[in-house]
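Coordinates as given in input.txt (compact mmCIF, C-alpha atoms):
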# COMPACT_ATOMS: atom_id res chain seq x y z
CA MET A 11 11.83 -1.50 12.41
CA ARG A 12 9.91 1.75 12.33
CA ILE A 13 7.30 1.72 9.58
CA VAL A 14 5.09 4.62 8.50
CA ILE A 15 1.84 3.74 6.75
CA ALA A 16 -0.15 6.17 4.61
CA GLY A 17 -3.87 5.54 4.88
CA GLY A 18 -3.42 4.27 8.41
CA HIS A 19 -7.13 3.69 9.04
CA GLY A 20 -7.72 1.57 5.95
CA GLN A 21 -8.86 -2.02 6.30
CA ILE A 22 -5.55 -3.47 5.10
CA ALA A 23 -3.53 -0.88 7.02
CA LEU A 24 -5.17 -1.69 10.36
CA ARG A 25 -4.45 -5.38 9.84
CA LEU A 26 -0.87 -4.58 8.91
CA GLU A 27 -0.44 -2.38 11.97
CA ARG A 28 -1.62 -5.17 14.26
CA LEU A 29 0.81 -7.63 12.72
CA LEU A 30 3.79 -5.28 12.88
CA ALA A 31 3.07 -4.02 16.39
CA GLY A 32 2.45 -7.57 17.55
CA ARG A 33 5.97 -8.60 16.63
CA GLY A 34 7.55 -5.53 18.22
CA ASP A 35 7.92 -3.07 15.36
CA GLU A 36 7.23 0.63 15.85
CA VAL A 37 4.36 1.67 13.60
CA ALA A 38 2.88 5.07 12.72
CA GLY A 39 -0.22 5.55 10.60
CA LEU A 40 -1.08 8.75 8.76
CA ILE A 41 -4.75 9.65 9.11
CA ARG A 42 -6.81 12.68 8.09
CA ASN A 43 -9.61 12.19 10.64
CA ARG A 44 -8.64 12.72 14.28
CA ASP A 45 -11.56 10.51 15.36
CA HIS A 46 -9.78 7.47 13.90
CA GLY A 47 -6.87 7.77 16.31
CA ASP A 48 -8.27 5.36 18.89
CA ASP A 49 -8.62 2.61 16.26
CA LEU A 50 -4.93 2.95 15.42
CA ARG A 51 -3.90 2.92 19.07
CA GLU A 52 -5.96 -0.24 19.57
CA ALA A 53 -4.04 -1.79 16.66
CA GLY A 54 -0.76 -0.83 18.31
CA ALA A 55 0.08 2.07 16.00
CA GLU A 56 0.82 5.73 16.63
CA PRO A 57 -1.77 7.93 14.89
CA VAL A 58 -0.27 10.86 12.97
CA LEU A 59 -2.66 13.55 11.71
CA CYS A 60 -1.69 14.34 8.13
CA ASP A 61 -3.94 15.01 5.13
CA LEU A 62 -2.07 13.85 2.05
CA GLU A 63 -4.40 15.88 -0.18
CA SER A 64 -3.23 19.17 1.35
CA ALA A 65 0.15 18.50 3.00
CA SER A 66 3.45 19.48 1.41
CA ALA A 67 6.24 17.03 0.68
CA GLU A 68 8.27 18.69 3.43
CA GLU A 69 5.49 18.17 5.98
CA VAL A 70 5.09 14.51 5.07
CA ALA A 71 8.86 13.98 5.03
CA ALA A 72 9.01 15.22 8.62
CA HIS A 73 6.69 12.37 9.64
CA LEU A 74 8.95 9.89 7.84
CA GLN A 75 12.19 10.94 9.51
CA GLY A 76 13.91 7.97 11.12
CA ALA A 77 11.66 5.37 9.48
CA ASP A 78 13.05 2.15 8.04
CA ALA A 79 10.20 1.68 5.59
CA ALA A 80 7.09 3.37 4.23
CA VAL A 81 3.89 1.72 3.01
CA PHE A 82 1.32 3.49 0.83
CA ALA A 83 -2.04 1.91 1.64
CA ALA A 84 -4.26 4.97 1.19
CA GLY A 85 -7.22 5.20 -1.15
CA ALA A 86 -10.12 7.51 -1.84
CA GLY A 87 -12.45 4.65 -0.97
CA PRO A 88 -15.94 3.66 -2.08
CA GLY A 89 -18.33 6.50 -2.74
CA SER A 90 -15.62 8.89 -3.91
CA GLY A 91 -15.75 10.35 -7.40
CA GLU A 92 -13.28 10.53 -10.25
CA ALA A 93 -11.58 13.67 -8.93
CA ARG A 94 -10.58 12.08 -5.62
CA LYS A 95 -9.30 8.99 -7.36
CA ASP A 96 -6.72 11.31 -8.86
CA THR A 97 -5.98 13.39 -5.75
CA VAL A 98 -5.63 10.37 -3.43
CA ASP A 99 -4.84 7.25 -5.45
CA ARG A 100 -2.40 9.06 -7.73
CA ALA A 101 -1.27 12.40 -6.31
CA ALA A 102 -1.05 11.31 -2.67
CA ALA A 103 0.97 8.23 -3.64
CA GLU A 104 3.39 10.38 -5.62
CA LEU A 105 3.63 12.86 -2.73
CA PHE A 106 4.35 10.06 -0.25
CA ALA A 107 7.08 8.69 -2.51
CA GLU A 108 8.65 12.13 -2.83
CA ALA A 109 8.50 12.58 0.95
CA ALA A 110 10.09 9.17 1.54
CA GLN A 111 12.94 10.05 -0.80
CA ARG A 112 13.47 13.39 0.96
CA ALA A 113 13.51 11.67 4.35
CA GLY A 114 16.00 9.06 3.16
CA VAL A 115 13.56 6.15 3.53
CA ARG A 116 14.54 3.71 0.79
CA ARG A 117 12.17 0.77 1.40
CA PHE A 118 8.81 1.70 -0.08
CA LEU A 119 5.77 -0.56 -0.54
CA VAL A 120 2.65 0.31 -2.50
CA VAL A 121 -0.74 -1.39 -2.27
CA SER A 122 -1.97 -1.02 -5.84
CA SER A 123 -4.61 -2.81 -7.89
CA MET A 124 -4.69 -5.59 -10.42
CA GLY A 125 -5.26 -4.17 -13.89
CA ALA A 126 -3.56 -0.85 -13.16
CA ASP A 127 -1.10 -1.18 -16.07
CA ARG A 128 -3.76 -1.56 -18.73
CA GLU A 129 -6.23 0.88 -20.22
CA PRO A 130 -9.66 -0.10 -18.81
CA PRO A 131 -12.11 -1.63 -21.31
CA PRO A 132 -14.59 0.86 -22.86
CA ASP A 133 -17.51 -0.51 -20.84
CA THR A 134 -15.75 -0.02 -17.47
CA ASP A 135 -17.58 2.10 -14.91
CA PRO A 136 -16.10 5.63 -15.28
CA VAL A 137 -15.20 5.98 -11.61
CA PHE A 138 -13.52 2.56 -11.51
CA ALA A 139 -11.71 3.38 -14.75
CA ALA A 140 -10.43 6.59 -13.13
CA TYR A 141 -9.28 4.55 -10.15
CA LEU A 142 -7.31 2.12 -12.34
CA ARG A 143 -5.72 4.95 -14.31
CA ALA A 144 -4.78 6.75 -11.10
CA LYS A 145 -3.20 3.60 -9.66
CA GLY A 146 -1.32 2.95 -12.87
CA ALA A 147 0.04 6.50 -13.01
CA ALA A 148 1.10 6.35 -9.35
CA ASP A 149 2.85 3.01 -9.85
CA ALA A 150 4.73 4.38 -12.86
CA ALA A 151 5.84 7.42 -10.88
CA VAL A 152 7.09 5.25 -8.01
CA ARG A 153 8.93 2.89 -10.35
CA ALA A 154 10.73 5.86 -11.88
CA ARG A 155 12.37 6.71 -8.53
CA ALA A 156 15.70 4.90 -8.54
CA GLU A 157 16.36 6.19 -5.02
CA LEU A 158 13.56 4.01 -3.61
CA ASP A 159 13.70 0.26 -3.05
CA TRP A 160 10.09 -0.08 -4.09
CA THR A 161 7.79 -3.08 -4.31
CA ILE A 162 4.32 -2.72 -5.80
CA LEU A 163 1.70 -5.23 -4.67
CA ARG A 164 -1.45 -5.66 -6.75
CA PRO A 165 -4.06 -7.76 -4.95
CA GLY A 166 -7.05 -9.30 -6.63
CA ARG A 167 -10.63 -8.85 -5.42
CA LEU A 168 -10.46 -8.20 -1.68
CA THR A 169 -12.57 -10.12 0.84
CA ASP A 170 -13.02 -10.00 4.60
CA ASP A 171 -12.88 -13.79 4.96
CA PRO A 172 -10.36 -15.07 7.52
CA GLY A 173 -6.86 -15.32 6.12
CA THR A 174 -5.58 -18.73 5.04
CA GLY A 175 -1.86 -17.94 4.94
CA LEU A 176 -1.81 -19.52 1.49
CA VAL A 177 -1.38 -17.35 -1.59
CA ASN A 178 -0.38 -17.10 -5.22
CA LEU A 179 2.19 -14.29 -5.63
CA ALA A 180 3.74 -13.66 -9.05
CA GLU A 181 4.19 -11.08 -11.78
CA SER A 182 0.95 -12.38 -13.26
CA THR A 183 -1.50 -14.57 -11.37
CA GLY A 184 -4.78 -14.28 -13.23
CA ARG A 185 -7.83 -12.77 -11.60
CA ASP A 186 -9.12 -14.19 -8.33
CA ALA A 187 -9.93 -13.13 -4.77
CA VAL A 188 -7.63 -12.68 -1.79
CA THR A 189 -8.39 -11.93 1.84
CA ARG A 190 -7.31 -8.64 3.40
CA ASP A 191 -5.69 -10.71 6.16
CA ASP A 192 -3.46 -12.40 3.62
CA VAL A 193 -2.60 -9.11 1.91
CA ALA A 194 -1.40 -7.73 5.24
CA ALA A 195 0.63 -10.87 5.92
CA VAL A 196 2.30 -10.61 2.51
CA LEU A 197 3.16 -6.95 3.14
CA VAL A 198 4.94 -7.94 6.36
CA ALA A 199 6.90 -10.61 4.51
CA LEU A 200 7.80 -8.16 1.73
CA LEU A 201 9.13 -5.68 4.29
CA ASP A 202 11.41 -8.45 5.56
CA GLU A 203 12.66 -9.46 2.11
CA PRO A 204 14.82 -6.79 0.41
CA GLY A 205 15.20 -9.08 -2.59
CA THR A 206 11.67 -8.14 -3.66
CA ALA A 207 12.70 -4.53 -4.35
CA GLY A 208 12.02 -3.49 -7.92
CA ARG A 209 9.20 -6.02 -8.38
CA THR A 210 5.57 -5.46 -9.33
CA LEU A 211 3.61 -8.44 -8.07
CA GLU A 212 0.04 -9.66 -8.31
CA LEU A 213 -1.53 -11.45 -5.36
CA VAL A 214 -4.50 -13.80 -5.06
CA GLY A 215 -5.42 -16.68 -2.83
CA GLY A 216 -3.49 -19.85 -3.54
CA THR A 217 -1.71 -22.87 -2.13
CA VAL A 218 1.74 -21.56 -1.16
CA PRO A 219 2.52 -20.37 2.39
CA VAL A 220 3.13 -16.61 2.51
CA ALA A 221 6.80 -16.86 3.55
CA ASP A 222 7.57 -19.36 0.79
CA ALA A 223 5.69 -17.31 -1.81
CA VAL A 224 7.69 -14.18 -0.99
CA LYS A 225 11.00 -16.06 -1.02
CA ALA A 226 10.15 -17.49 -4.42
CA VAL A 227 9.80 -14.04 -6.02
CA ALA A 228 12.85 -12.51 -4.33
CA ALA A 229 16.08 -11.92 -6.19
CA PRO A 230 18.78 -14.46 -5.23
Can you present the structure in this file as structure tokens?
Amino acid sequence: MRIVIAGGHGQIALRLERLLAGRGDEVAGLIRNRDHGDDLREAGAEPVLCDLESASAEEVAAHLQGADAAVFAAGAGPGSGEARKDTVDRAAAELFAEAAQRAGVRRFLVVSSMGADREPPPDTDPVFAAYLRAKGAADAAVRARAELDWTILRPGRLTDDPGTGLVNLAESTGRDAVTRDDVAAVLVALLDEPGTAGRTLELVGGTVPVADAVKAVAAP
């Protein structure tokens, strides 16, 4: 497969690129900082310079031509304010979905966040609340696109511990942690399982092997 990943220098994206390239897939990662290109090449991915906060849908669609799948793994990141939560976590996700549709790329995965479908509690940090609202709005916009075979993945609290290959993947899992390694492994399995299209899934660490967990949530 050829897979294009938005947010190609993110921690989950780099792990995903290594896994996909390692099994022989062709991978491209969209990045806004040219200096990050070597990290993508080391992971086995082709770096593509594209700023999703300023690019047009036509420009992004050109990068998606010929792809079999697209993965939105971008985020404004720690230290960014409320405004960039909207321009990256919401607007860039919507732009990437529009571009995928224009390019005829049906398979579309989104790395979202647990809690994105609910209004944050009143005592939530304002920036984190903006992040959750942005993710929720982006997810809703993606789910409204019948032309995309979308799957939305909502991991729990992310850690850099080594992956276990054992997860809990379901519509609702309850809050817990999950390693970035295991998130990347689940994304690979979701790309391989078209029966997970149209599903919004939460992910935390668990006891079920990744392949079995993905099969269990796939449509028969």
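Restricting the calculation to all atoms listed in the file, the smallest distance between A:Asp35 and any of A:Glu68, A:Asp202, A:Asp186, A:Asp135 is found for A:Asp202.
For the set A:Arg185, A:Arg117, A:Lys95, A:Arg167, the residue with the smallest atom-to-atom gap to A:Phe138 is A:Lys95, counting only C-alpha atoms.
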request  = Find the residues around A:Ala86 up to 9 Å (only C-alpha atoms counted), leave out those fewer than 5 positions away in its own chain, and share them as a list in words.
outcome  = Gly91, Arg94, Lys95, Asp96, Thr97, Val98, Asp99 and Tyr141 of chain A
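Remark: for A:Ala109, the closest of the candidate residues A:Glu92, A:Asp49, A:Asp149, A:Glu157 is A:Glu157 (distances computed over all atoms listed in the file).
The coordinates place atom CA of A:Ile41 at 5.1 Å from atom CA of A:Leu59.
The two atoms in question, atom CA of A:Ala151 and atom CA of A:Gly89, are spaced 25.5 Å apart.
We find atom CA of A:Ala79 and atom CA of A:Ala38 to be spaced 10.8 Å apart.
Using all atoms listed in the file for every distance, the candidate list A:Ala93, A:Leu24, A:Leu119, A:Val177 yields A:Val177 as the residue closest to A:Pro219.
Among the candidate residues A:Asp159, A:Glu56, A:Glu181, A:Glu104, the one lying nearest to A:Phe82 is A:Glu104, with distances computed using all atoms listed in the file.
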task = Show which residues sit within 8 Å of A:Glu27, as a list in words. Count all atoms listed in the file, and ignore same-chain residues fewer than 6 positions away.
result = Val37, Leu50, Ala53, Gly54 and Ala55 of chain A
A:Gly114 environment, 9 Å, all atoms listed in the file, sequence neighbours closer than 3 positions dropped, as an mmCIF file with C-alpha atoms, in the coordinates of the input:
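Just written: result-v4.cif:
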data_model
loop_
_atom_site.group_PDB
_atom_site.id
_atom_site.type_symbol
_atom_site.label_atom_id
_atom_site.label_comp_id
_atom_site.auth_asym_id
_atom_site.auth_seq_id
_atom_site.Cartn_x
_atom_site.Cartn_y
_atom_site.Cartn_z
ATOM 1 C CA ALA A 71 8.860 13.980 5.030
ATOM 2 C CA LEU A 74 8.950 9.890 7.840
ATOM 3 C CA GLN A 75 12.190 10.940 9.510
ATOM 4 C CA GLY A 76 13.910 7.970 11.120
ATOM 5 C CA ALA A 77 11.660 5.370 9.480
ATOM 6 C CA ASP A 78 13.050 2.150 8.040
ATOM 7 C CA ALA A 109 8.500 12.580 0.950
ATOM 8 C CA ALA A 110 10.090 9.170 1.540
ATOM 9 C CA GLN A 111 12.940 10.050 -0.800
ATOM 10 C CA GLU A 157 16.360 6.190 -5.020
ATOM 11 C CA LEU A 158 13.560 4.010 -3.610
#
query = Could you pull the residues within 12 Å of A:Arg51, counting only C-alpha atoms, minus those fewer than 6 positions along the same chain, as a PyMOL selection string?
reply = chain A and resi 18-19+24+27-28+31+36-39+44-45+57-58
Enumerate, as a short mmCIF file (atom, residue, chain, number, x, y, z; two decimals) with C-alpha atoms, in the coordinates of the input, the protein, DNA and RNA residues whose atoms approach (7.5, -8.6, -9.7) to within 12 Å, taking into account all atoms listed in the file and the coordinate frame of the file.
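Contents of result10.cif, as written:
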data_model
loop_
_atom_site.label_atom_id
_atom_site.label_comp_id
_atom_site.auth_asym_id
_atom_site.auth_seq_id
_atom_site.Cartn_x
_atom_site.Cartn_y
_atom_site.Cartn_z
CA ARG A 153 8.93 2.89 -10.35
CA TRP A 160 10.09 -0.08 -4.09
CA THR A 161 7.79 -3.08 -4.31
CA ILE A 162 4.32 -2.72 -5.80
CA LEU A 163 1.70 -5.23 -4.67
CA ARG A 164 -1.45 -5.66 -6.75
CA LEU A 179 2.19 -14.29 -5.63
CA ALA A 180 3.74 -13.66 -9.05
CA GLU A 181 4.19 -11.08 -11.78
CA SER A 182 0.95 -12.38 -13.26
CA THR A 183 -1.50 -14.57 -11.37
CA LEU A 200 7.80 -8.16 1.73
CA GLY A 205 15.20 -9.08 -2.59
CA THR A 206 11.67 -8.14 -3.66
CA ALA A 207 12.70 -4.53 -4.35
CA GLY A 208 12.02 -3.49 -7.92
CA ARG A 209 9.20 -6.02 -8.38
CA THR A 210 5.57 -5.46 -9.33
CA LEU A 211 3.61 -8.44 -8.07
CA GLU A 212 0.04 -9.66 -8.31
CA LEU A 213 -1.53 -11.45 -5.36
CA ALA A 223 5.69 -17.31 -1.81
CA VAL A 224 7.69 -14.18 -0.99
CA LYS A 225 11.00 -16.06 -1.02
CA ALA A 226 10.15 -17.49 -4.42
CA VAL A 227 9.80 -14.04 -6.02
CA ALA A 228 12.85 -12.51 -4.33
CA ALA A 229 16.08 -11.92 -6.19
#
